[in-house]
Amino acid sequence: MNLILVPLIPLFGALLPPLFARSGRDTTMLVTLAVTLTSLALLLVDAPAVYRGETVLAGTAWVPEIGLSFRFFADGLGLFFATMILAIGALIIIYARYYLSRQDSIGRFYAYLLLFQGAMVGIVLSDNIILMLIFWELTSLSSFLLIGFWSHAAAGRQGARMALVVTGGGGLLLTAGMLLLGHVGGSYELSVLLTKGDVIKASPLYPVILVLVLAGAFTKSAQFPFHFWLPHAMAAPTPVSAYLHSATMVKAGVFLLARLWPVLAGTDLWFAIVVPVGLVTMLVGAWIALFKDDLKAILAYSTVSHLGLMVMLLGLGTPYAAVACVFHILNHATFKAALFMSAGIVDHEAGTRDIRRLGGLAKLMPVTAVLAGIASASMAGLPPLNGFLSKEMMLEASASGSLAGLGWLIPVGATLAALVSVAYSVRLAIGTFAGHERHDYPHHPHDPGIGMWLPVALLVALVVAIGLLPALIAGPIIARTAQAVIGSAPLPYYSLSLWHGFTPALFMSIAAVIGGVLAFRAHGGLARLRSAWPRPEAKAMFETAVTVSVAAARWFTRQANVESLPRSIAIIAISVLVIGLWAFTHFPHGAGARPMLPVNFAAVVAWGALMAATGVVVMKHGNRLLTLIVTSVVGLIVSLAFIYFSAPDLALTQISVEVVSTILLLLALNLLPKTTPAEPQAGRKVRDGAIAVAAGLGVAALAFAILTRDFSTISDYYVAQSKPGGGGTNIVNVILVDFRGFDTFGEIIVLGIAALAIFALLDTSLRGPAARRLAAMRQGLESAEAHPLILVVTTRAMLPLVFTVGVFIFLRGHNLPGGGFIAGLVVAIAYIMQYMASGYSWSHQKARFDGHTLVGAGVVIAGLTGLGSFVFGRPFLTSSFGYFDIPLIGQIELATAMAFDTGVFLTVVGTVLLALAQISRIEARAERIPIPEGPSDIKLPPAAPEAGRPVPREG
Amino acid sequence: MEMLVASAIGLLTAVGVYLVLRRQTFPVVIGTVFLSYAVNLFLFATGRLTVNRPPIYAAGAAGYVDPLPQALVLTSIVISFGMTALVIVLALRSFLETGSDSVENSPASADEAEATQVTTDQARP
């Protein structure tokens, strides 16, 4: 099971470096190193099993319904990559400690680095391909953070954005490809998919899958024509370039191709796409590298070129080429990381990494010069170093490849790339270190401390050791890894040694070295030749593409969002109407055969009242108070309809909601303008009227079609189980608090959020322009009797009575119409009456609980009731009930659903109180109504004249 | 009877849509109230119309109305209230903030908002 921890330790370990950042840079480095080494040690525990030929599996199901599992597996390939990521990561951590300056936040840097490390290890060890995609995107994100680490530099920000757009966009395509792959393969587990190669290659979706997966791999591994992001990512600190952009992240694409090699490779289509892309990348990268002056740019384009080489080898589709690819992945990681770190040392010590300003550093920095020289020689493919061995194998593999019927194309292309590779490697080494010492370096260069060159030295030692003793050191690793790549096919014959006899590869290699040296000599001429040709400038093209898409998005936004609510709603309404019209003309829509209920007189009267009320609203909606009153009449008619059609609970709810919302709207209207100005354009009214009539006709026809058809209900279960299962006879209430309690729980949370939003909106209106407008609105003239005596006395007397009614409605709710919602509304109305009768300040002073507490308590009680069922080992919100005998009262039934309903009750009371009390509060601010001391603000003794004067106090 | 209910639902929808398309906040809020009525009645109607068969479990009852749409509509009514409350408060706040209750960004109200903004800036120390 420790395989799960391998990616998780760096991911969660990323929290540690920022915590230790204050303890000094050495401590932070050691902590980070400890995280990486722990992860590496845990990984290597599984190594013996893998090298016995087993596949280590670990993990657990996550969301099995969508094929998502948290499962990891380690075979030769995964183990190889994970070891490489963690081991080079450890070296980079040491190097970065000495590379970064004191101004850089080292804790943040290490946190990003560990995040990246965990994500990268996650990619190579994931068994589930969806899980792999998550890690894949995580590497894009963490790489964005690392490239832009120096966020003050514009180049860093631009480079980070470009990398994110290209690799993130590729990741989206890959997501589509992987989902299709899992769909066709019948499983999202790689360990299963790897055995389904035949099924997938035979599927008609294979070309789609292939193109999508390749798009993901090519963008990540900077293959032509997506290669342009990698050189711009060099704005990152050098440890990042050495780690992400040479050894690990850019190899994720290569890893993916290797991982899916048994599933996708070997077809003509695979060959026709992957080989040319790899070959072109290899040549283009090498060619540009030859003419760059920045050391890191040379290395970046060289990396592009070598990635092309690996991709081409995998594209060839032969087992031998796969072995060569695996070997080159290992070798490239060693010499390229070493070279990047050397370039960083030169930059750090000499103050520049422009090759034109360097040269002659060999005497000043002998250690660096030797290390970088050996690594460059390996990059050039010179014996007896590891770069030579894998280059030979590459040439050998390409010698047999044939593209577009041309047998010479691949070998010549490969030789040419190797030739240019020699040229830029020689230029890099000689241009930096050879020649005369100069006197105009920005800093005075000398060899750095051991902390900086030791990681380089360890890698260079590997370069030499693998070169001299390949079979001993790398043999088993290559065999096991390559076997994992090619799947069940037998491993081809190959020999890891410096001398293979006079093979074609040897002659190609000799030609490359001689040609490379000549090309280096002719560098000036070639550079003139190159500058004579027009060159596409990738960065400018990318920026143009970004600018154009941003402008297009802006244009669309401007067209779609005209900052006019009526226009937006009209667009929505017309769209819905068009869709509805399409359905109307394409499907049957006549009346059904269900027998209709007879019409009675009362219904016709109610219908007529509704007609009249809506007519008044439409004609007279300029008068807002009238509109509001008529609207509440409509609400009453709706509740009558609920009563008539056997829905007592709905009728009770509707009528109490009607009271509350009418009061609320009245309070708001008090501060809003009292009339709506008539609209000047008659055309607009006609247009809106047409939309409205069409919508109304559509909905009416739909409702009629539904009402006249029979249906089958899923409610029989609820009806049957209401009493025996839920313990209540009011089926609607039992559904609310029991069968579908989770919905209700969500709903009261929404109510609570609405209440808090209302509070936030109004609480802040007591400051700024809103407060000034409120103050200006203050009405000087007030009714002499702001708090009418009869109303005040009645509401106060009614309060306990209404509470009793509320409790009654609440308690009967489980068995008869009622329940938490209705009881909550009734009790809230009683409270609101106090606010209306006695004013905000008085009521607020007397209130024991505020709305926040009630809402919070309600949600918590309902939630705890739900969680309570976990104690008894039942799912969330399982209810139970029992009958208890209480002396005097008799047998009563108690259900846990009642506790849940209490939560509902409290939330409703709290929401209503919060909303209305807040509106009254700002009204009190506007009106300065006096706070009554007794039951009324009219003093009964002769001191009456004082009463009407506003008292400047506020709540 | 079905005809009456269906036409009532259609009527409420039409009024709701018409009011929601107005240019001031208050009619828009009233429009959402009407749309809530229409939607709630419509959802309720999917359980078909039944008279005198309340969803109260009783031994020997002849039958019940479908309780599920009722439960859904009950929560819907309460949520509609929450929405109405939030929208009217939003309208109120926007009126207090800008002095205009228009829901269109007409040039006039934009100027006014800008003027308010300027005063705010000046008011800051």
# chains A, B, ... in the order shown; residues from 1 in each chain; ligands from 1
$ select_by_dssp --residues "chain B" --states "strand (DSSP E or B)" --output "VMD selection string"
chain B and resid 24 56 102 104
$ residues_around --residues "Val250 (chain A)" --least-positions-apart "5" --cutoff "8 Å" --atoms "only C-alpha atoms" --output "PyMOL selection string"
chain A and resi 220-222+244-245+307
$ write_last_selection --atoms "all heavy atoms" --output "compact mmCIF listing (two decimals), in the first residue's frame"
# COMPACT_ATOMS: atom_id res chain seq x y z
N LYS A 220 2.58 18.59 -24.51
CA LYS A 220 3.35 18.49 -23.27
C LYS A 220 4.83 18.32 -23.59
O LYS A 220 5.69 18.88 -22.91
CB LYS A 220 2.84 17.29 -22.48
CG LYS A 220 3.22 17.32 -21.03
CD LYS A 220 2.27 18.20 -20.27
CE LYS A 220 2.36 17.95 -18.77
NZ LYS A 220 1.45 18.85 -18.08
N SER A 221 5.15 17.52 -24.60
CA SER A 221 6.54 17.25 -24.91
C SER A 221 7.08 18.19 -25.98
O SER A 221 8.09 17.88 -26.61
CB SER A 221 6.71 15.80 -25.34
OG SER A 221 6.75 14.97 -24.21
N ALA A 222 6.43 19.31 -26.19
CA ALA A 222 6.94 20.37 -27.06
C ALA A 222 7.32 19.87 -28.44
O ALA A 222 8.39 20.16 -28.96
CB ALA A 222 8.14 21.06 -26.41
N LEU A 244 12.02 20.56 -14.72
CA LEU A 244 10.79 20.37 -15.48
C LEU A 244 11.05 20.26 -16.97
O LEU A 244 10.50 19.42 -17.65
CB LEU A 244 9.84 21.55 -15.25
CG LEU A 244 8.92 21.49 -14.06
CD1 LEU A 244 9.72 21.58 -12.79
CD2 LEU A 244 7.90 22.58 -14.14
N HIS A 245 11.93 21.14 -17.47
CA HIS A 245 11.99 21.32 -18.91
C HIS A 245 13.13 20.57 -19.55
O HIS A 245 13.47 20.83 -20.69
CB HIS A 245 12.02 22.81 -19.21
CG HIS A 245 10.87 23.51 -18.56
ND1 HIS A 245 11.01 24.58 -17.73
CD2 HIS A 245 9.54 23.23 -18.59
CE1 HIS A 245 9.82 24.95 -17.27
NE2 HIS A 245 8.91 24.14 -17.77
N LEU A 307 13.68 15.51 -27.60
CA LEU A 307 12.34 14.96 -27.39
C LEU A 307 11.78 14.45 -28.71
O LEU A 307 11.12 13.40 -28.76
CB LEU A 307 11.42 16.04 -26.81
CG LEU A 307 11.70 16.46 -25.37
CD1 LEU A 307 10.93 17.72 -25.03
CD2 LEU A 307 11.33 15.35 -24.41
$ select_by_dssp --residues "region 394-543 of chain A" --states "helix (DSSP H, G or I)" --output "VMD selection string"
chain A and resid 394 to 399 409 to 433 450 to 468 470 to 473 475 to 486 504 to 521 523 to 532 538 to 543
$ residues_around --residues "Ala8 (chain B)" --least-positions-apart "4" --cutoff "10 Å" --atoms "only C-alpha atoms" --output "PDB file with N, CA, C and O atoms, in the first residue's frame"
ATOM      1  N   TRP A 607     -61.745  31.910 -11.207  1.00  0.00           N
ATOM      2  CA  TRP A 607     -61.047  32.112 -12.475  1.00  0.00           C
ATOM      3  C   TRP A 607     -61.288  33.537 -12.985  1.00  0.00           C
ATOM      4  O   TRP A 607     -60.353  34.206 -13.430  1.00  0.00           O
ATOM      5  N   GLY A 608     -62.540  33.963 -12.867  1.00  0.00           N
ATOM      6  CA  GLY A 608     -62.866  35.324 -13.298  1.00  0.00           C
ATOM      7  C   GLY A 608     -62.120  36.358 -12.472  1.00  0.00           C
ATOM      8  O   GLY A 608     -61.602  37.353 -13.011  1.00  0.00           O
ATOM      9  N   LEU A 610     -59.299  35.950 -11.038  1.00  0.00           N
ATOM     10  CA  LEU A 610     -57.894  35.897 -11.469  1.00  0.00           C
ATOM     11  C   LEU A 610     -57.708  36.718 -12.740  1.00  0.00           C
ATOM     12  O   LEU A 610     -56.756  37.509 -12.861  1.00  0.00           O
ATOM     13  N   MET A 611     -58.656  36.534 -13.684  1.00  0.00           N
ATOM     14  CA  MET A 611     -58.611  37.288 -14.939  1.00  0.00           C
ATOM     15  C   MET A 611     -58.588  38.788 -14.647  1.00  0.00           C
ATOM     16  O   MET A 611     -57.759  39.544 -15.162  1.00  0.00           O
ATOM     17  N   THR A 614     -55.294  39.943 -12.908  1.00  0.00           N
ATOM     18  CA  THR A 614     -54.139  40.036 -13.796  1.00  0.00           C
ATOM     19  C   THR A 614     -54.325  41.205 -14.768  1.00  0.00           C
ATOM     20  O   THR A 614     -53.363  41.890 -15.099  1.00  0.00           O
ATOM     21  N   VAL A 638     -54.557  31.501  -5.751  1.00  0.00           N
ATOM     22  CA  VAL A 638     -53.719  30.302  -5.919  1.00  0.00           C
ATOM     23  C   VAL A 638     -53.881  29.391  -4.707  1.00  0.00           C
ATOM     24  O   VAL A 638     -54.018  28.170  -4.846  1.00  0.00           O
ATOM     25  N   GLY A 696     -47.326  32.464 -22.650  1.00  0.00           N
ATOM     26  CA  GLY A 696     -48.499  32.026 -21.906  1.00  0.00           C
ATOM     27  C   GLY A 696     -49.260  30.943 -22.649  1.00  0.00           C
ATOM     28  O   GLY A 696     -49.653  29.932 -22.057  1.00  0.00           O
ATOM     29  N   VAL A 699     -47.315  27.651 -22.423  1.00  0.00           N
ATOM     30  CA  VAL A 699     -47.389  26.998 -21.120  1.00  0.00           C
ATOM     31  C   VAL A 699     -48.792  26.448 -20.889  1.00  0.00           C
ATOM     32  O   VAL A 699     -48.964  25.329 -20.379  1.00  0.00           O
ATOM     33  N   ALA A 700     -49.811  27.227 -21.290  1.00  0.00           N
ATOM     34  CA  ALA A 700     -51.181  26.756 -21.099  1.00  0.00           C
ATOM     35  C   ALA A 700     -51.417  25.472 -21.887  1.00  0.00           C
ATOM     36  O   ALA A 700     -51.989  24.506 -21.364  1.00  0.00           O
ATOM     37  N   ALA A 703     -49.621  22.656 -20.157  1.00  0.00           N
ATOM     38  CA  ALA A 703     -50.318  22.239 -18.939  1.00  0.00           C
ATOM     39  C   ALA A 703     -51.578  21.456 -19.295  1.00  0.00           C
ATOM     40  O   ALA A 703     -51.873  20.421 -18.680  1.00  0.00           O
TER      41      ALA A 703
ATOM     42  N   GLU B   2     -59.967  21.301 -16.025  1.00  0.00           N
ATOM     43  CA  GLU B   2     -58.584  21.285 -16.513  1.00  0.00           C
ATOM     44  C   GLU B   2     -58.311  22.498 -17.398  1.00  0.00           C
ATOM     45  O   GLU B   2     -57.239  23.093 -17.335  1.00  0.00           O
ATOM     46  N   MET B   3     -59.321  22.820 -18.205  1.00  0.00           N
ATOM     47  CA  MET B   3     -59.169  23.971 -19.089  1.00  0.00           C
ATOM     48  C   MET B   3     -58.951  25.253 -18.298  1.00  0.00           C
ATOM     49  O   MET B   3     -58.089  26.070 -18.620  1.00  0.00           O
ATOM     50  N   LEU B   4     -59.738  25.388 -17.212  1.00  0.00           N
ATOM     51  CA  LEU B   4     -59.591  26.597 -16.393  1.00  0.00           C
ATOM     52  C   LEU B   4     -58.199  26.682 -15.776  1.00  0.00           C
ATOM     53  O   LEU B   4     -57.545  27.732 -15.807  1.00  0.00           O
ATOM     54  N   LEU B  12     -50.995  33.442 -15.903  1.00  0.00           N
ATOM     55  CA  LEU B  12     -49.991  33.882 -14.920  1.00  0.00           C
ATOM     56  C   LEU B  12     -48.617  33.967 -15.572  1.00  0.00           C
ATOM     57  O   LEU B  12     -47.842  34.895 -15.313  1.00  0.00           O
ATOM     58  N   THR B  13     -48.308  32.989 -16.449  1.00  0.00           N
ATOM     59  CA  THR B  13     -47.014  33.013 -17.129  1.00  0.00           C
ATOM     60  C   THR B  13     -46.904  34.261 -17.990  1.00  0.00           C
ATOM     61  O   THR B  13     -45.876  34.962 -17.973  1.00  0.00           O
ATOM     62  N   ALA B  14     -47.976  34.522 -18.760  1.00  0.00           N
ATOM     63  CA  ALA B  14     -47.919  35.664 -19.674  1.00  0.00           C
ATOM     64  C   ALA B  14     -47.703  36.961 -18.904  1.00  0.00           C
ATOM     65  O   ALA B  14     -46.848  37.780 -19.266  1.00  0.00           O
ATOM     66  N   ALA B  38     -47.050  30.731 -11.407  1.00  0.00           N
ATOM     67  CA  ALA B  38     -47.298  29.891 -12.574  1.00  0.00           C
ATOM     68  C   ALA B  38     -46.531  28.588 -12.477  1.00  0.00           C
ATOM     69  O   ALA B  38     -47.077  27.499 -12.702  1.00  0.00           O
ATOM     70  N   LEU B  41     -47.930  26.286  -9.711  1.00  0.00           N
ATOM     71  CA  LEU B  41     -49.188  25.650 -10.128  1.00  0.00           C
ATOM     72  C   LEU B  41     -48.920  24.586 -11.183  1.00  0.00           C
ATOM     73  O   LEU B  41     -49.525  23.509 -11.165  1.00  0.00           O
ATOM     74  N   PHE B  42     -48.006  24.889 -12.087  1.00  0.00           N
ATOM     75  CA  PHE B  42     -47.697  23.943 -13.150  1.00  0.00           C
ATOM     76  C   PHE B  42     -47.124  22.652 -12.576  1.00  0.00           C
ATOM     77  O   PHE B  42     -47.562  21.547 -12.922  1.00  0.00           O
TER      78      PHE B  42
END
$ closest_residue --among "B:Asn40, B:Thr50, B:Ser102, B:Ser80" --to "chain A" --atoms "only C-alpha atoms"
B:Thr50
$ residues_around --residues "His621 (chain A)" --least-positions-apart "3" --cutoff "9 Å" --atoms "only C-alpha atoms" --output "list in words"
Val616, Val617, Val618, Arg624, Leu625, Leu626, Thr627, Leu628, Thr675 and Thr676 of chain A; Leu19 and Pro27 of chain B
$ write_last_selection --atoms "all heavy atoms" --output "JSON list (two decimals), in the first residue's frame"
[["chain", "number", "residue", "atom", "x", "y", "z"],
["A", 616, "VAL", "N", -55.82, 44.00, -14.13],
["A", 616, "VAL", "CA", -55.46, 45.22, -13.41],
["A", 616, "VAL", "C", -53.94, 45.36, -13.33],
["A", 616, "VAL", "O", -53.38, 46.44, -13.55],
["A", 616, "VAL", "CB", -56.09, 45.20, -12.00],
["A", 616, "VAL", "CG1", -55.55, 46.34, -11.15],
["A", 616, "VAL", "CG2", -57.61, 45.27, -12.10],
["A", 617, "VAL", "N", -53.28, 44.26, -13.03],
["A", 617, "VAL", "CA", -51.81, 44.32, -12.88],
["A", 617, "VAL", "C", -51.17, 44.80, -14.18],
["A", 617, "VAL", "O", -50.30, 45.66, -14.20],
["A", 617, "VAL", "CB", -51.25, 42.95, -12.45],
["A", 617, "VAL", "CG1", -49.74, 42.94, -12.59],
["A", 617, "VAL", "CG2", -51.65, 42.65, -11.02],
["A", 618, "VAL", "N", -51.64, 44.23, -15.30],
["A", 618, "VAL", "CA", -51.02, 44.58, -16.58],
["A", 618, "VAL", "C", -51.31, 46.04, -16.94],
["A", 618, "VAL", "O", -50.43, 46.80, -17.33],
["A", 618, "VAL", "CB", -51.50, 43.64, -17.70],
["A", 618, "VAL", "CG1", -51.02, 44.14, -19.05],
["A", 618, "VAL", "CG2", -51.00, 42.23, -17.44],
["A", 624, "ARG", "N", -47.65, 51.24, -8.08],
["A", 624, "ARG", "CA", -47.01, 50.06, -7.49],
["A", 624, "ARG", "C", -47.78, 49.49, -6.31],
["A", 624, "ARG", "O", -47.84, 48.27, -6.14],
["A", 624, "ARG", "CB", -45.59, 50.43, -7.09],
["A", 624, "ARG", "CG", -44.73, 50.70, -8.30],
["A", 624, "ARG", "CD", -43.32, 51.02, -7.95],
["A", 624, "ARG", "NE", -42.51, 51.06, -9.16],
["A", 624, "ARG", "CZ", -41.19, 51.23, -9.17],
["A", 624, "ARG", "NH1", -40.55, 51.38, -8.03],
["A", 624, "ARG", "NH2", -40.54, 51.25, -10.29],
["A", 625, "LEU", "N", -48.35, 50.38, -5.49],
["A", 625, "LEU", "CA", -49.07, 49.88, -4.32],
["A", 625, "LEU", "C", -50.27, 49.04, -4.76],
["A", 625, "LEU", "O", -50.50, 47.93, -4.26],
["A", 625, "LEU", "CB", -49.52, 51.06, -3.46],
["A", 625, "LEU", "CG", -50.13, 50.67, -2.12],
["A", 625, "LEU", "CD1", -49.12, 49.88, -1.30],
["A", 625, "LEU", "CD2", -50.57, 51.91, -1.36],
["A", 626, "LEU", "N", -50.99, 49.56, -5.75],
["A", 626, "LEU", "CA", -52.15, 48.83, -6.26],
["A", 626, "LEU", "C", -51.72, 47.48, -6.83],
["A", 626, "LEU", "O", -52.32, 46.44, -6.55],
["A", 626, "LEU", "CB", -52.83, 49.69, -7.35],
["A", 626, "LEU", "CG", -54.05, 49.04, -7.99],
["A", 626, "LEU", "CD1", -55.17, 48.91, -6.97],
["A", 626, "LEU", "CD2", -54.51, 49.85, -9.20],
["A", 627, "THR", "N", -50.62, 47.50, -7.60],
["A", 627, "THR", "CA", -50.10, 46.26, -8.17],
["A", 627, "THR", "C", -49.84, 45.24, -7.08],
["A", 627, "THR", "O", -50.19, 44.06, -7.19],
["A", 627, "THR", "CB", -48.78, 46.55, -8.92],
["A", 627, "THR", "OG1", -48.99, 47.65, -9.77],
["A", 627, "THR", "CG2", -48.31, 45.35, -9.69],
["A", 628, "LEU", "N", -49.21, 45.72, -6.00],
["A", 628, "LEU", "CA", -48.84, 44.80, -4.92],
["A", 628, "LEU", "C", -50.08, 44.19, -4.28],
["A", 628, "LEU", "O", -50.14, 42.98, -4.04],
["A", 628, "LEU", "CB", -48.01, 45.59, -3.89],
["A", 628, "LEU", "CG", -47.49, 44.81, -2.71],
["A", 628, "LEU", "CD1", -46.74, 43.58, -3.18],
["A", 628, "LEU", "CD2", -46.57, 45.70, -1.89],
["A", 675, "THR", "N", -44.26, 54.98, -7.99],
["A", 675, "THR", "CA", -44.89, 54.73, -9.29],
["A", 675, "THR", "C", -43.82, 54.32, -10.30],
["A", 675, "THR", "O", -42.64, 54.61, -10.13],
["A", 675, "THR", "CB", -45.56, 56.01, -9.84],
["A", 675, "THR", "OG1", -44.57, 57.04, -9.83],
["A", 675, "THR", "CG2", -46.74, 56.42, -9.00],
["A", 676, "THR", "N", -44.27, 53.60, -11.31],
["A", 676, "THR", "CA", -43.39, 53.25, -12.40],
["A", 676, "THR", "C", -43.73, 54.19, -13.55],
["A", 676, "THR", "O", -44.89, 54.26, -13.95],
["A", 676, "THR", "CB", -43.63, 51.80, -12.85],
["A", 676, "THR", "OG1", -43.46, 50.96, -11.72],
["A", 676, "THR", "CG2", -42.65, 51.40, -13.94],
["B", 19, "LEU", "N", -44.23, 41.39, -17.24],
["B", 19, "LEU", "CA", -43.70, 42.28, -16.20],
["B", 19, "LEU", "C", -42.18, 42.15, -16.09],
["B", 19, "LEU", "O", -41.49, 43.14, -15.84],
["B", 19, "LEU", "CB", -44.36, 41.96, -14.86],
["B", 19, "LEU", "CG", -45.83, 42.38, -14.73],
["B", 19, "LEU", "CD1", -46.35, 42.01, -13.36],
["B", 19, "LEU", "CD2", -45.98, 43.87, -14.97],
["B", 27, "PRO", "N", -41.64, 46.31, -11.11],
["B", 27, "PRO", "CA", -42.43, 45.41, -11.95],
["B", 27, "PRO", "C", -41.71, 44.09, -12.21],
["B", 27, "PRO", "O", -42.35, 43.03, -12.28],
["B", 27, "PRO", "CB", -42.61, 46.19, -13.25],
["B", 27, "PRO", "CG", -42.33, 47.60, -12.92],
["B", 27, "PRO", "CD", -41.42, 47.60, -11.75]]
$ decode --residues "region 729-759 of chain A" --atoms "C-alpha atoms" --output "tab-separated table (two decimals), in the first residue's frame"
chain	number	residue	atom	x	y	z
A	729	THR	CA	-49.91	10.08	8.26
A	730	ASN	CA	-49.30	13.41	6.52
A	731	ILE	CA	-47.60	11.97	3.48
A	732	VAL	CA	-46.39	15.33	2.17
A	733	ASN	CA	-44.71	16.12	5.48
A	734	VAL	CA	-43.18	12.66	5.73
A	735	ILE	CA	-41.75	13.06	2.23
A	736	LEU	CA	-40.29	16.42	3.21
A	737	VAL	CA	-38.67	15.43	6.47
A	738	ASP	CA	-37.98	11.78	5.83
A	739	PHE	CA	-38.06	10.27	2.34
A	740	ARG	CA	-36.59	13.30	0.66
A	741	GLY	CA	-35.08	14.91	3.76
A	742	PHE	CA	-31.81	15.54	1.99
A	743	ASP	CA	-33.57	17.84	-0.49
A	744	THR	CA	-35.16	19.72	2.37
A	745	PHE	CA	-31.83	19.97	4.13
A	746	GLY	CA	-30.34	21.53	1.01
A	747	GLU	CA	-33.30	23.84	0.73
A	748	ILE	CA	-33.04	25.26	4.23
A	749	ILE	CA	-29.36	25.89	3.59
A	750	VAL	CA	-30.32	27.86	0.47
A	751	LEU	CA	-32.83	29.83	2.51
A	752	GLY	CA	-30.19	30.57	5.12
A	753	ILE	CA	-27.77	31.75	2.42
A	754	ALA	CA	-30.46	34.00	0.94
A	755	ALA	CA	-31.03	35.49	4.39
A	756	LEU	CA	-27.34	36.14	4.88
A	757	ALA	CA	-27.09	37.72	1.42
A	758	ILE	CA	-29.99	40.00	2.31
A	759	PHE	CA	-28.29	40.93	5.55
